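J.: Compact mmCIF, C-alpha atoms, file model.txt:
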```
# COMPACT_ATOMS: atom_id res chain seq x y z
CA MET A 1 0.00 0.00 0.00
CA ALA A 2 2.83 2.38 0.78
CA ASP A 3 4.54 1.55 -2.52
CA LEU A 4 1.32 2.20 -4.43
CA LYS A 5 0.91 5.54 -2.65
CA GLU A 6 4.45 6.58 -3.53
CA ARG A 7 3.92 5.64 -7.19
CA LEU A 8 0.62 7.52 -7.51
CA LEU A 9 1.55 10.68 -5.61
CA PRO A 10 3.99 13.14 -7.18
CA PRO A 11 7.40 13.42 -5.54
CA LYS A 12 7.82 16.15 -2.93
CA PRO A 13 10.17 18.98 -3.76
CA GLN A 14 13.48 19.08 -1.96
CA SER A 15 12.72 22.52 -0.51
CA ALA A 16 9.63 21.22 1.23
CA VAL A 17 11.57 18.32 2.67
CA ASN A 18 14.30 20.62 3.91
CA LEU A 19 11.75 22.98 5.37
CA ARG A 20 10.02 20.17 7.18
CA ASP A 21 13.30 18.90 8.55
CA THR A 22 14.28 22.39 9.65
CA ALA A 23 10.94 22.92 11.35
CA TYR A 24 11.26 19.57 13.09
CA ARG A 25 14.77 20.33 14.29
CA SER A 26 13.77 23.78 15.51
CA SER A 27 10.73 22.42 17.33
CA THR A 28 12.81 19.78 19.05
CA SER A 29 15.35 22.38 20.06
CA GLY A 30 12.61 24.54 21.61
CA ARG A 31 13.06 27.62 19.42
CA PRO A 32 10.51 28.26 16.64
CA PRO A 33 12.04 29.18 13.26
CA PHE A 34 9.66 32.06 12.61
CA GLN A 35 7.13 33.90 14.71
CA GLY A 36 4.76 36.01 12.62
CA MET A 37 1.40 37.70 13.10
CA ASP A 38 -1.63 35.50 12.59
CA VAL A 39 -3.46 37.82 10.20
CA LEU A 40 -6.09 35.22 9.38
CA GLY A 41 -6.80 34.68 13.05
CA LEU A 42 -7.16 38.41 13.65
CA LYS A 43 -9.48 38.68 10.68
CA LYS A 44 -11.67 35.84 11.86
CA ARG A 45 -11.75 37.14 15.39
CA GLY A 46 -13.66 40.26 14.31
CA GLN A 47 -16.13 38.10 12.37
CA GLY A 48 -16.67 35.39 14.98
CA LEU A 49 -19.69 34.70 17.11
CA ARG A 50 -20.36 36.93 20.05
CA SER A 51 -22.68 36.54 22.98
CA TRP A 52 -25.55 39.04 23.11
CA ILE A 53 -28.30 39.57 25.67
CA ARG A 54 -31.66 40.16 24.01
CA VAL A 55 -34.51 41.86 25.88
CA ASP A 56 -37.81 42.14 24.01
CA ALA A 57 -40.71 44.53 24.56
CA SER A 58 -42.44 42.18 27.00
CA GLY A 59 -39.40 42.01 29.30
CA ASP A 60 -38.22 38.53 28.38
CA SER A 61 -34.47 38.09 28.03
CA GLN A 62 -32.30 35.47 26.43
CA VAL A 63 -28.64 34.96 25.54
CA MET A 64 -27.83 34.27 21.90
CA GLU A 65 -24.72 33.83 19.78
CA VAL A 66 -24.70 36.06 16.69
CA ASP A 67 -21.87 37.01 14.36
CA LYS A 68 -21.13 40.51 13.15
CA PHE A 69 -22.65 40.26 9.67
CA THR A 70 -25.88 38.74 10.98
CA MET A 71 -26.20 41.58 13.47
CA MET A 72 -25.57 44.12 10.71
CA ARG A 73 -28.36 42.62 8.58
CA ARG A 74 -30.68 42.24 11.53
CA CYS A 75 -30.44 45.84 12.70
CA ASP A 76 -29.59 47.42 9.33
CA LEU A 77 -26.38 48.98 10.69
CA PRO A 78 -23.01 49.63 9.06
CA ALA A 79 -19.86 48.05 10.41
CA ARG A 80 -18.56 51.33 11.84
CA ASP A 81 -21.55 51.53 14.18
CA LEU A 82 -20.94 48.04 15.53
CA ARG A 83 -17.31 49.00 16.03
CA LEU A 84 -18.50 51.47 18.68
CA LEU A 85 -19.81 48.54 20.72
CA ASP A 86 -16.63 46.51 20.51
CA PRO A 87 -15.10 46.17 24.01
CA LEU A 88 -11.62 45.88 22.48
CA PHE A 89 -11.78 49.54 21.41
CA VAL A 90 -12.20 52.61 23.55
CA TYR A 91 -14.60 55.16 22.09
CA PRO A 92 -16.19 58.21 23.73
CA SER A 93 -19.86 58.17 24.67
CA THR A 94 -22.08 58.24 21.61
CA ILE A 95 -25.81 58.02 20.84
CA LEU A 96 -26.59 57.45 17.15
CA GLY A 97 -30.06 57.34 15.62
CA ARG A 98 -30.28 55.15 12.53
CA GLU A 99 -33.11 54.00 10.26
CA LYS A 100 -34.10 50.94 12.31
CA ALA A 101 -32.01 51.14 15.46
CA ILE A 102 -30.38 53.38 18.05
CA VAL A 103 -26.72 52.69 18.81
CA VAL A 104 -25.91 53.56 22.42
CA ASN A 105 -22.39 53.68 23.84
CA LEU A 106 -22.62 55.16 27.32
CA GLU A 107 -19.83 54.08 29.64
CA GLN A 108 -20.42 50.38 30.43
CA ILE A 109 -23.77 50.27 28.59
CA ARG A 110 -23.17 49.35 24.95
CA CYS A 111 -26.35 48.24 23.25
CA ILE A 112 -28.49 48.38 20.12
CA ILE A 113 -32.08 49.51 20.62
CA THR A 114 -34.72 48.70 18.02
CA ALA A 115 -38.48 49.12 18.04
CA ASP A 116 -38.96 45.60 19.44
CA GLU A 117 -35.81 44.59 21.32
CA VAL A 118 -32.61 45.63 23.00
CA LEU A 119 -29.36 43.84 22.20
CA LEU A 120 -26.45 44.15 24.65
CA LEU A 121 -23.04 42.59 24.54
CA ASN A 122 -23.01 39.84 27.13
CA SER A 123 -20.75 40.93 29.97
CA LEU A 124 -20.18 40.13 33.63
CA ASP A 125 -20.15 43.82 34.50
CA SER A 126 -22.56 44.62 37.32
CA TYR A 127 -23.83 47.73 35.55
CA VAL A 128 -24.84 45.68 32.50
CA LEU A 129 -26.72 43.21 34.68
CA GLN A 130 -28.37 46.06 36.57
CA TYR A 131 -29.42 47.58 33.25
CA VAL A 132 -31.08 44.34 32.16
CA VAL A 133 -32.86 43.89 35.49
CA GLU A 134 -34.05 47.50 35.61
CA LEU A 135 -35.27 47.39 32.01
CA GLN A 136 -37.19 44.18 32.65
CA ARG A 137 -38.73 45.70 35.76
CA ARG A 138 -39.91 48.78 33.93
CA LEU A 139 -41.25 46.79 31.00
CA THR A 140 -43.24 44.48 33.23
CA THR A 141 -44.55 47.13 35.62
CA SER A 142 -48.16 48.24 35.43
CA GLY A 143 -47.73 52.02 35.43
CA VAL A 144 -45.49 54.89 34.56
CA SER A 145 -43.80 57.31 36.90
CA GLU A 146 -45.68 60.25 38.32
CA VAL A 147 -43.21 62.75 36.92
CA TRP A 148 -43.81 61.71 33.35
CA GLN A 149 -47.55 61.63 33.91
CA THR A 150 -47.50 65.21 35.21
CA ASP A 151 -45.31 66.49 32.39
CA ALA A 152 -47.34 64.70 29.74
CA ALA A 153 -50.58 65.94 31.29
CA ASP A 154 -49.37 69.54 31.12
CA LEU A 155 -48.31 68.96 27.52
CA TYR A 156 -51.72 67.63 26.54
CA ARG A 157 -53.48 70.47 28.38
CA ARG A 158 -51.44 73.05 26.48
CA ARG A 159 -52.37 71.38 23.21
CA GLY A 160 -56.02 71.13 24.15
CA SER A 161 -56.23 67.43 23.49
CA ARG A 162 -59.70 65.90 23.78
CA ASN A 163 -58.37 62.47 24.66
CA PHE A 164 -56.65 63.56 27.85
CA ASP A 165 -58.86 61.48 30.12
CA ASN A 166 -58.52 58.47 27.88
CA ALA A 167 -54.77 58.83 27.71
CA PHE A 168 -54.15 59.23 31.44
CA GLY A 169 -57.30 57.87 33.05
CA SER A 170 -55.59 54.53 33.59
CA PRO A 171 -51.81 54.64 33.91
CA SER A 172 -50.10 52.44 31.37
CA PRO A 173 -46.46 51.55 30.79
CA ASP A 174 -47.01 52.18 27.08
CA TYR A 175 -46.91 55.95 27.48
CA LEU A 176 -43.35 56.14 26.18
CA PRO A 177 -42.30 53.99 23.22
CA PHE A 178 -40.15 50.97 23.86
CA GLU A 179 -37.00 52.51 22.45
CA PHE A 180 -37.37 55.61 24.62
CA ARG A 181 -37.77 53.55 27.78
CA ALA A 182 -34.70 51.49 26.91
CA LEU A 183 -32.78 54.70 26.18
CA GLU A 184 -33.98 56.18 29.46
CA VAL A 185 -32.64 53.22 31.44
CA ALA A 186 -29.29 53.51 29.61
CA LEU A 187 -29.06 57.24 30.35
CA GLU A 188 -30.02 56.67 33.96
CA SER A 189 -27.40 53.94 34.36
CA ALA A 190 -24.67 56.08 32.80
CA CYS A 191 -25.58 59.17 34.83
CA THR A 192 -25.76 57.14 38.04
CA PHE A 193 -22.39 55.54 37.35
CA LEU A 194 -20.70 58.87 36.65
CA ASP A 195 -22.36 60.56 39.61
CA SER A 196 -21.24 57.77 41.97
CA GLN A 197 -17.67 58.11 40.71
CA ALA A 198 -17.84 61.88 41.21
CA ALA A 199 -19.15 61.37 44.76
CA GLU A 200 -16.33 58.92 45.57
CA LEU A 201 -13.82 61.38 44.19
CA GLU A 202 -15.25 64.16 46.36
CA ILE A 203 -15.10 61.99 49.50
CA GLU A 204 -11.44 61.24 48.81
CA ALA A 205 -10.41 64.68 47.60
CA TYR A 206 -11.51 67.16 50.26
CA PRO A 207 -9.73 65.55 53.27
CA LEU A 208 -6.60 65.07 51.18
CA LEU A 209 -6.58 68.70 50.10
CA ASP A 210 -7.11 69.89 53.67
CA GLU A 211 -4.21 67.73 54.80
CA LEU A 212 -2.03 69.16 52.05
CA THR A 213 -2.72 72.73 53.14
CA SER A 214 -1.67 71.90 56.69
CA LYS A 215 1.36 69.80 55.74
CA ILE A 216 3.11 70.18 52.41
CA SER A 217 5.04 67.01 51.69
CA THR A 218 6.13 65.01 48.69
CA LEU A 219 3.71 62.19 49.50
CA ASN A 220 0.71 64.50 49.74
CA LEU A 221 1.68 66.28 46.54
CA GLU A 222 1.93 62.93 44.71
CA ARG A 223 -1.50 61.88 45.97
CA VAL A 224 -3.01 65.16 44.84
CA ARG A 225 -1.40 64.76 41.44
CA ARG A 226 -2.99 61.33 40.99
CA LEU A 227 -6.30 62.69 42.22
CA LYS A 228 -6.18 65.51 39.71
CA SER A 229 -5.43 63.09 36.88
CA ARG A 230 -8.49 61.03 37.78
CA LEU A 231 -10.56 64.19 38.03
CA VAL A 232 -9.52 65.36 34.56
CA ALA A 233 -10.32 61.95 33.03
CA LEU A 234 -13.72 61.76 34.73
CA THR A 235 -14.55 65.34 33.77
CA ARG A 236 -13.76 64.55 30.14
CA ARG A 237 -16.12 61.57 30.19
CA VAL A 238 -18.92 63.51 31.87
CA GLN A 239 -18.43 66.39 29.46
CA LYS A 240 -18.70 64.02 26.49
CA VAL A 241 -21.99 62.56 27.74
CA ARG A 242 -23.33 66.06 28.37
CA ASP A 243 -22.27 67.27 24.92
CA GLU A 244 -23.86 64.22 23.30
CA ILE A 245 -27.20 64.83 25.03
CA GLU A 246 -27.05 68.54 24.24
CA GLN A 247 -26.27 67.83 20.60
CA LEU A 248 -29.32 65.57 20.36
CA MET A 249 -31.52 68.18 22.02
CA ASP A 250 -30.39 70.85 19.57
CA ASP A 251 -31.08 68.76 16.46
CA ASP A 252 -34.76 68.00 15.77
CA GLY A 253 -33.87 65.78 12.84
CA ASP A 254 -31.77 63.44 14.97
CA MET A 255 -34.51 63.23 17.58
CA ALA A 256 -37.14 62.48 14.96
CA GLU A 257 -34.87 59.81 13.49
CA MET A 258 -34.82 58.01 16.84
CA TYR A 259 -38.60 57.50 16.93
CA LEU A 260 -38.43 53.89 15.74
CA THR A 261 -41.92 52.78 16.73
CA GLU A 262 -43.54 55.55 14.73
CA LYS A 263 -41.41 54.78 11.67
CA LYS A 264 -42.26 51.10 11.92
CA ARG A 265 -45.97 51.90 12.20
CA ARG A 266 -45.82 54.16 9.15
CA MET A 267 -44.05 51.48 7.16
CA GLU A 268 -46.62 48.87 8.11
CA THR A 269 -49.46 51.29 7.33
CA SER A 270 -48.01 52.06 3.90
CA ILE A 271 -47.59 48.34 3.16
CA TYR A 272 -51.14 47.56 4.24
CA GLY A 273 -52.42 50.55 2.26
CA ASP A 274 -50.70 49.34 -0.89
CA GLN A 275 -52.07 45.86 -0.39
CA SER A 276 -55.62 47.16 0.11
CA LEU A 277 -55.30 49.35 -2.97
CA VAL A 278 -54.16 46.36 -5.03
CA ALA A 279 -57.03 44.28 -3.65
CA TYR A 280 -59.51 47.06 -4.44
CA ARG A 281 -58.29 47.31 -8.00
CA SER A 282 -58.39 43.52 -8.44
CA THR A 283 -61.96 43.33 -7.14
CA ASP A 284 -62.98 46.23 -9.36
CA GLY A 285 -62.28 44.07 -12.37
CA ALA A 286 -59.06 45.66 -13.51
CA SER A 287 -55.95 43.60 -14.08
CA VAL A 288 -53.14 44.17 -11.66
CA SER A 289 -50.40 43.22 -14.04
CA ALA A 290 -51.67 45.19 -17.04
CA PRO A 291 -51.86 48.99 -16.89
CA VAL A 292 -55.27 50.60 -17.11
CA SER A 293 -55.77 52.96 -19.98
CA PRO A 294 -56.82 56.42 -18.88
CA VAL A 295 -59.00 56.73 -21.96
CA SER A 296 -61.12 53.71 -21.09
CA SER A 297 -61.69 54.80 -17.48
CA PRO A 298 -64.63 57.09 -16.78
CA PRO A 299 -63.63 60.67 -15.97
CA GLU A 300 -65.70 60.68 -12.76
CA THR A 301 -63.86 57.63 -11.46
CA ARG A 302 -60.46 59.10 -12.29
CA ARG A 303 -61.42 62.38 -10.66
CA LEU A 304 -62.66 60.60 -7.53
CA GLU A 305 -59.50 58.49 -7.24
CA LYS A 306 -57.32 61.57 -7.67
CA SER A 307 -59.18 63.52 -4.98
CA LEU A 308 -59.05 60.55 -2.60
CA SER A 309 -55.31 60.12 -3.13
CA ILE A 310 -54.68 63.83 -2.51
CA ALA A 311 -56.79 63.78 0.63
CA ARG A 312 -55.07 60.60 1.86
CA SER A 313 -51.60 62.06 1.28
CA ARG A 314 -52.51 65.30 3.07
CA HIS A 315 -53.93 63.38 5.99
CA ASP A 316 -50.86 61.15 6.23
CA SER A 317 -48.49 64.10 6.03
CA MET A 318 -50.40 66.04 8.71
CA ARG A 319 -50.55 63.01 10.97
CA SER A 320 -46.85 62.23 10.48
CA SER A 321 -45.82 65.83 11.15
CA GLU A 322 -47.98 65.96 14.28
CA SER A 323 -46.64 62.64 15.56
CA ALA A 324 -43.08 63.70 14.76
CA THR A 325 -43.58 66.90 16.76
CA GLU A 326 -45.02 64.94 19.67
CA SER A 327 -42.17 62.42 19.56
CA ILE A 328 -39.59 65.18 19.45
CA GLU A 329 -41.15 66.83 22.49
CA GLU A 330 -41.34 63.54 24.37
CA LEU A 331 -37.71 62.73 23.61
CA GLU A 332 -36.66 66.29 24.37
CA MET A 333 -38.31 66.08 27.80
CA LEU A 334 -36.51 62.79 28.41
CA LEU A 335 -33.13 64.14 27.35
CA GLU A 336 -33.61 67.37 29.25
CA ALA A 337 -34.21 65.49 32.52
CA TYR A 338 -30.94 63.60 32.24
CA PHE A 339 -29.16 66.65 30.88
CA VAL A 340 -29.90 68.33 34.21
CA VAL A 341 -28.55 65.29 36.08
CA ILE A 342 -25.31 65.06 34.09
CA ASP A 343 -24.90 68.85 34.25
CA SER A 344 -25.17 68.65 38.04
CA THR A 345 -22.44 65.99 38.07
CA LEU A 346 -20.30 68.21 35.85
CA ASN A 347 -20.84 71.11 38.24
CA LYS A 348 -19.64 68.93 41.12
CA LEU A 349 -16.48 68.08 39.26
CA THR A 350 -15.99 71.70 38.25
CA SER A 351 -16.34 72.81 41.87
CA LEU A 352 -13.86 70.14 42.93
CA LYS A 353 -11.42 71.27 40.26
CA GLU A 354 -11.78 74.88 41.40
CA TYR A 355 -11.12 73.77 44.98
CA ILE A 356 -7.98 71.97 43.83
CA ASP A 357 -6.89 75.05 41.90
CA ASP A 358 -7.51 77.23 44.96
CA THR A 359 -5.49 74.81 47.08
CA GLU A 360 -2.65 74.92 44.58
CA ASP A 361 -2.75 78.71 44.59
CA PHE A 362 -2.69 78.71 48.40
CA ILE A 363 0.28 76.34 48.42
CA ASN A 364 2.07 78.48 45.84
CA ILE A 365 1.44 81.55 47.99
CA GLN A 366 2.86 79.72 51.00
CA LEU A 367 5.90 78.65 49.03
CA ASP A 368 6.38 82.18 47.70
CA ASN A 369 6.19 83.51 51.24
CA VAL A 370 8.83 81.05 52.42
CA ARG A 371 10.95 81.90 49.41
CA ASN A 372 10.67 85.61 50.20
CA GLN A 373 11.69 84.99 53.80
CA LEU A 374 14.70 83.05 52.63
CA ILE A 375 15.64 85.89 50.28
CA GLN A 376 15.33 88.40 53.11
CA PHE A 377 17.46 86.23 55.38
CA GLU A 378 20.01 85.86 52.64
CA LEU A 379 20.06 89.63 52.20
CA LEU A 380 20.69 90.21 55.89
CA LEU A 381 23.33 87.50 55.91
CA THR A 382 25.07 89.08 52.92
CA THR A 383 25.00 92.49 54.62
CA ALA A 384 26.44 91.07 57.84
CA THR A 385 29.12 89.29 55.83
CA PHE A 386 30.03 92.56 54.15
CA VAL A 387 30.21 94.34 57.51
CA VAL A 388 32.38 91.63 59.04
CA ALA A 389 34.68 91.77 56.02
CA ILE A 390 35.59 95.32 57.04
CA PHE A 391 37.35 93.84 60.10
CA GLY A 392 39.52 91.89 57.72
CA VAL A 393 40.43 95.10 55.90
CA VAL A 394 41.42 96.79 59.19
CA ALA A 395 43.42 93.73 60.27
CA GLY A 396 45.14 93.70 56.90
CA ILE A 397 46.08 97.34 57.20
CA PHE A 398 47.49 96.95 60.71
CA GLY A 399 49.23 93.73 59.80
CA MET A 400 51.48 95.29 57.19
CA ASN A 401 55.23 95.27 57.88
CA PHE A 402 55.50 98.98 58.66
CA GLU A 403 56.29 100.75 61.89
CA ILE A 404 53.41 102.95 63.08
CA PRO A 405 53.62 105.25 66.12
CA LEU A 406 50.18 104.01 67.15
CA PHE A 407 51.70 100.69 68.17
CA ASP A 408 53.59 102.48 71.02
CA TYR A 409 50.33 103.25 72.91
CA PRO A 410 49.06 100.39 75.11
CA ASP A 411 45.34 101.30 74.65
CA ALA A 412 45.57 101.65 70.86
CA PHE A 413 44.31 98.09 70.15
CA LYS A 414 41.24 98.62 72.34
CA TRP A 415 40.33 101.93 70.68
CA VAL A 416 40.77 100.42 67.22
CA LEU A 417 38.32 97.62 68.09
CA ILE A 418 35.78 100.04 69.59
CA ILE A 419 35.89 102.50 66.73
CA THR A 420 35.79 99.75 64.11
CA GLY A 421 32.87 97.96 65.84
CA VAL A 422 30.79 101.15 66.21
CA THR A 423 31.46 102.06 62.61
CA LEU A 424 30.44 98.61 61.37
CA ALA A 425 27.27 98.67 63.50
CA VAL A 426 26.33 102.04 62.05
CA VAL A 427 26.96 100.71 58.53
CA PHE A 428 24.87 97.59 59.20
CA PHE A 429 21.89 99.50 60.55
CA ALA A 430 22.21 101.97 57.70
CA PHE A 431 21.84 99.04 55.27
CA VAL A 432 18.79 97.70 57.17
CA TRP A 433 17.14 101.13 57.14
CA PHE A 434 17.80 101.40 53.42
CA PHE A 435 16.22 97.99 52.80
CA LYS A 436 13.11 98.96 54.74
CA TYR A 437 12.97 102.33 53.05
CA ARG A 438 13.05 100.65 49.65
CA ARG A 439 10.47 98.09 50.91
CA LEU A 440 12.83 95.19 50.33
CA MET A 441 12.02 93.94 53.84
CA PRO A 442 8.75 94.00 55.84
CA LEU A 443 8.48 96.86 58.30
```
How does the structure come out when it is put into structure tokens?

T.:
Amino acid sequence: MADLKERLLPPKPQSAVNLRDTAYRSSTSGRPPFQGMDVLGLKKRGQGLRSWIRVDASGDSQVMEVDKFTMMRRCDLPARDLRLLDPLFVYPSTILGREKAIVVNLEQIRCIITADEVLLLNSLDSYVLQYVVELQRRLTTSGVSEVWQTDAADLYRRRGSRNFDNAFGSPSPDYLPFEFRALEVALESACTFLDSQAAELEIEAYPLLDELTSKISTLNLERVRRLKSRLVALTRRVQKVRDEIEQLMDDDGDMAEMYLTEKKRRMETSIYGDQSLVAYRSTDGASVSAPVSPVSSPPETRRLEKSLSIARSRHDSMRSSESATESIEELEMLLEAYFVVIDSTLNKLTSLKEYIDDTEDFINIQLDNVRNQLIQFELLLTTATFVVAIFGVVAGIFGMNFEIPLFDYPDAFKWVLIITGVTLAVVFFAFVWFFKYRRLMPL
């Protein structure tokens, strides 16, 4: 059998044999011959299956394995939007409204919200699990919050709606669309997470800063430096979330694009309308496949169909514009509530940063004061050194190898010391008075 196999198979090239032998020898020696990048493995890793948590409109959740291309087709999203949800990359907080989905990247919450479901990357993070539990609780509850009821009631009163009692007579969890409630839970989770981090930073910062003002040391300065680095990073993240919410609030088109339930309802209505129109034409005796000649149709029928189509289009446009305005106002109220929360967190961080800056200014003032005292002491020391140097000049004069009649008097040495000392004292105090007169030293 081996001989038959050798006769049928072509002979192996010598290079392949040598390469195999080399690889075998290198593997036995423990050192691989070549270590390269597994490009194919990296390519397949981005296209592999990933675990997602799916939460539908009724509050049921399940874990499913879906690859990237299936998720793109399912949610009608480009690859760059799914890249925002990849945990291997670090992207700033982003909220994107697409045709059939909302892409949310808010701190630990990275999800895709559609009109019927929420898809989150499966993670062991506690905030992700809390998001799922809170979303299920709100979807299965029997009523909405009192705040939203009050705001919506005022909105309907201002508009003069006749269905106010019907809308709010019995509280229902269906007041906000599904995608808005999922977005609300994501915003609440992100704002709570950032606010808790800001509170922890405040608890740690203020005692440390007070200790630094009382005792300036290298250890305290290093701790404050690390604290300030964390503060700057957290402020940048909070600022990005605030800017993202503010950008959505300022753009009515983006807010209208995020109303997925209304767009789905319009699409279904248009499909059903087209099907009913086709059924009406088929029952009227006209062929669906063949075009109807305008000459053979009665003018009254054509005129009636034209007027009905114009009226239907006007009604649909008015209804869509009114619903778009309502959805924009609902979403704007939602975003405004969490804009106030994240702005309050940003104000906390700003106040903490100002306190750190004030502490640094106080420390710099203390250091400047100490530096000024050292300069003043150095000035006095230099003046005293100059005055004492005059004694050296006098000693040098009297130490010359010349005969002076003053040496014959026994009290001459004493009078020289007295006169020189008084003169130097007068010179020293003259320097001190000059320094005070020129305000080089405190009075």

J.: Which residues come within 7 Å of segment 89-105 of chain A, counting all atoms listed in the file, excluding same-chain residues fewer than 4 positions away, as a list in words?

T.: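 The neighbour list is Cys75, Asp76, Leu84, Leu85, Ile109, Arg110, Cys111, Ile112, Ile113, Thr114, Lys240, Val241, Glu244, Asp254, Glu257, Met258 and Leu260 of chain A.
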
J.: Taking only C-alpha atoms into account, which of A:Leu119, A:Leu352, A:Leu77, A:Leu417 comes nearest Val63 of chain A?

T.: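 The closest residue to Val63 of chain A is A:Leu119.
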
J.: Nearest to Thr420 of chain A: which of A:Leu227, A:Ala389, A:Val132, A:Met400 is it, counting all atoms listed in the file?

T.: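 With all atoms listed in the file as the atom set, the closest residue is A:Ala389.
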
J.: Can you list, as number ranges by chain, every protein, DNA or RNA residue that comes within 12 Å of Asn347 of chain A when you count only C-alpha atoms, leaving out same-chain residues fewer than 4 positions away?

T.: A: 195, 198-199, 235, 238-239, 242, 339-343, 351-354

J.: Taking all atoms of segment 355-365 of chain A that the file lists and extending 8 Å past them on each side, where is the centre of the axis-aligned box and how long are its edges? Answer in Å to one decimal, as JSON.

T.:
```
{"center_x": -4.5, "center_y": 76.8, "center_z": 45.2, "size_x": 29.2, "size_y": 25.6, "size_z": 22.5}
```

J.: Nearest to Ala182 of chain A among A:Trp433, A:Phe413, A:Tyr206, A:Tyr131, with distances taken over all atoms listed in the file: which residue is it?

T.: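 For Ala182 of chain A, the nearest of the given residues is A:Tyr131.
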
J.: Between atom CA of Leu248 of chain A and atom CA of Glu332 of chain A, measure the distance and give it in Å to one decimal.

T.: 8.4 Å

J.: What's the separation between atom CA of Asp252 of chain A and atom CA of Glu336 of chain A, in Å to one decimal place?

T.: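 Interatomic distance, atom CA of Asp252 of chain A to atom CA of Glu336 of chain A: 13.5 Å.
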
J.: For Glu65 of chain A, which residue among A:Ile365, A:Leu49, A:Val427, A:Leu334 is the nearest when counting only C-alpha atoms?

T.: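 Counting only C-alpha atoms, the residue closest to Glu65 of chain A is A:Leu49.
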
J.: Pick out the closest residue to Val387 of chain A from this set: A:Phe428, A:Phe362, A:Trp415, A:Phe407. Count all atoms listed in the file.

T.: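 Ranked by minimum distance to Val387 of chain A, first place goes to A:Phe428.
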
J.: May I ask for the distance between atom CA of Ser270 of chain A and atom CA of Phe69 of chain A, given in Å to one decimal place?

T.: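 It comes out at 28.6 Å.
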
J.: Using all atoms listed in the file, which residues sit within 12 Å of Ser229 of chain A once same-chain residues fewer than 6 positions away are excluded, as JSON, numbers by chain?

T.: {"A": [201, 205, 222, 223, 235, 236, 353, 356]}

J.: Which residue is closest to Phe377 of chain A? Choose from A:Asn122, A:Glu188, A:Met441, A:Glu330 and count all atoms listed in the file.

T.: A:Met441

J.: With a distance cut-off of 12 Å and all atoms listed in the file, select the neighbouring residues of Leu379 of chain A, excluding the residue or stretch itself and same-chain residues fewer than 2 positions from it, and output the selection as a list in words.

T.: Asn372, Gln373, Leu374, Ile375, Gln376, Phe377, Leu381, Thr382, Thr383, Ala384, Thr385, Phe386, Phe428, Phe431, Val432, Phe435, Lys436, Leu440 and Met441 of chain A
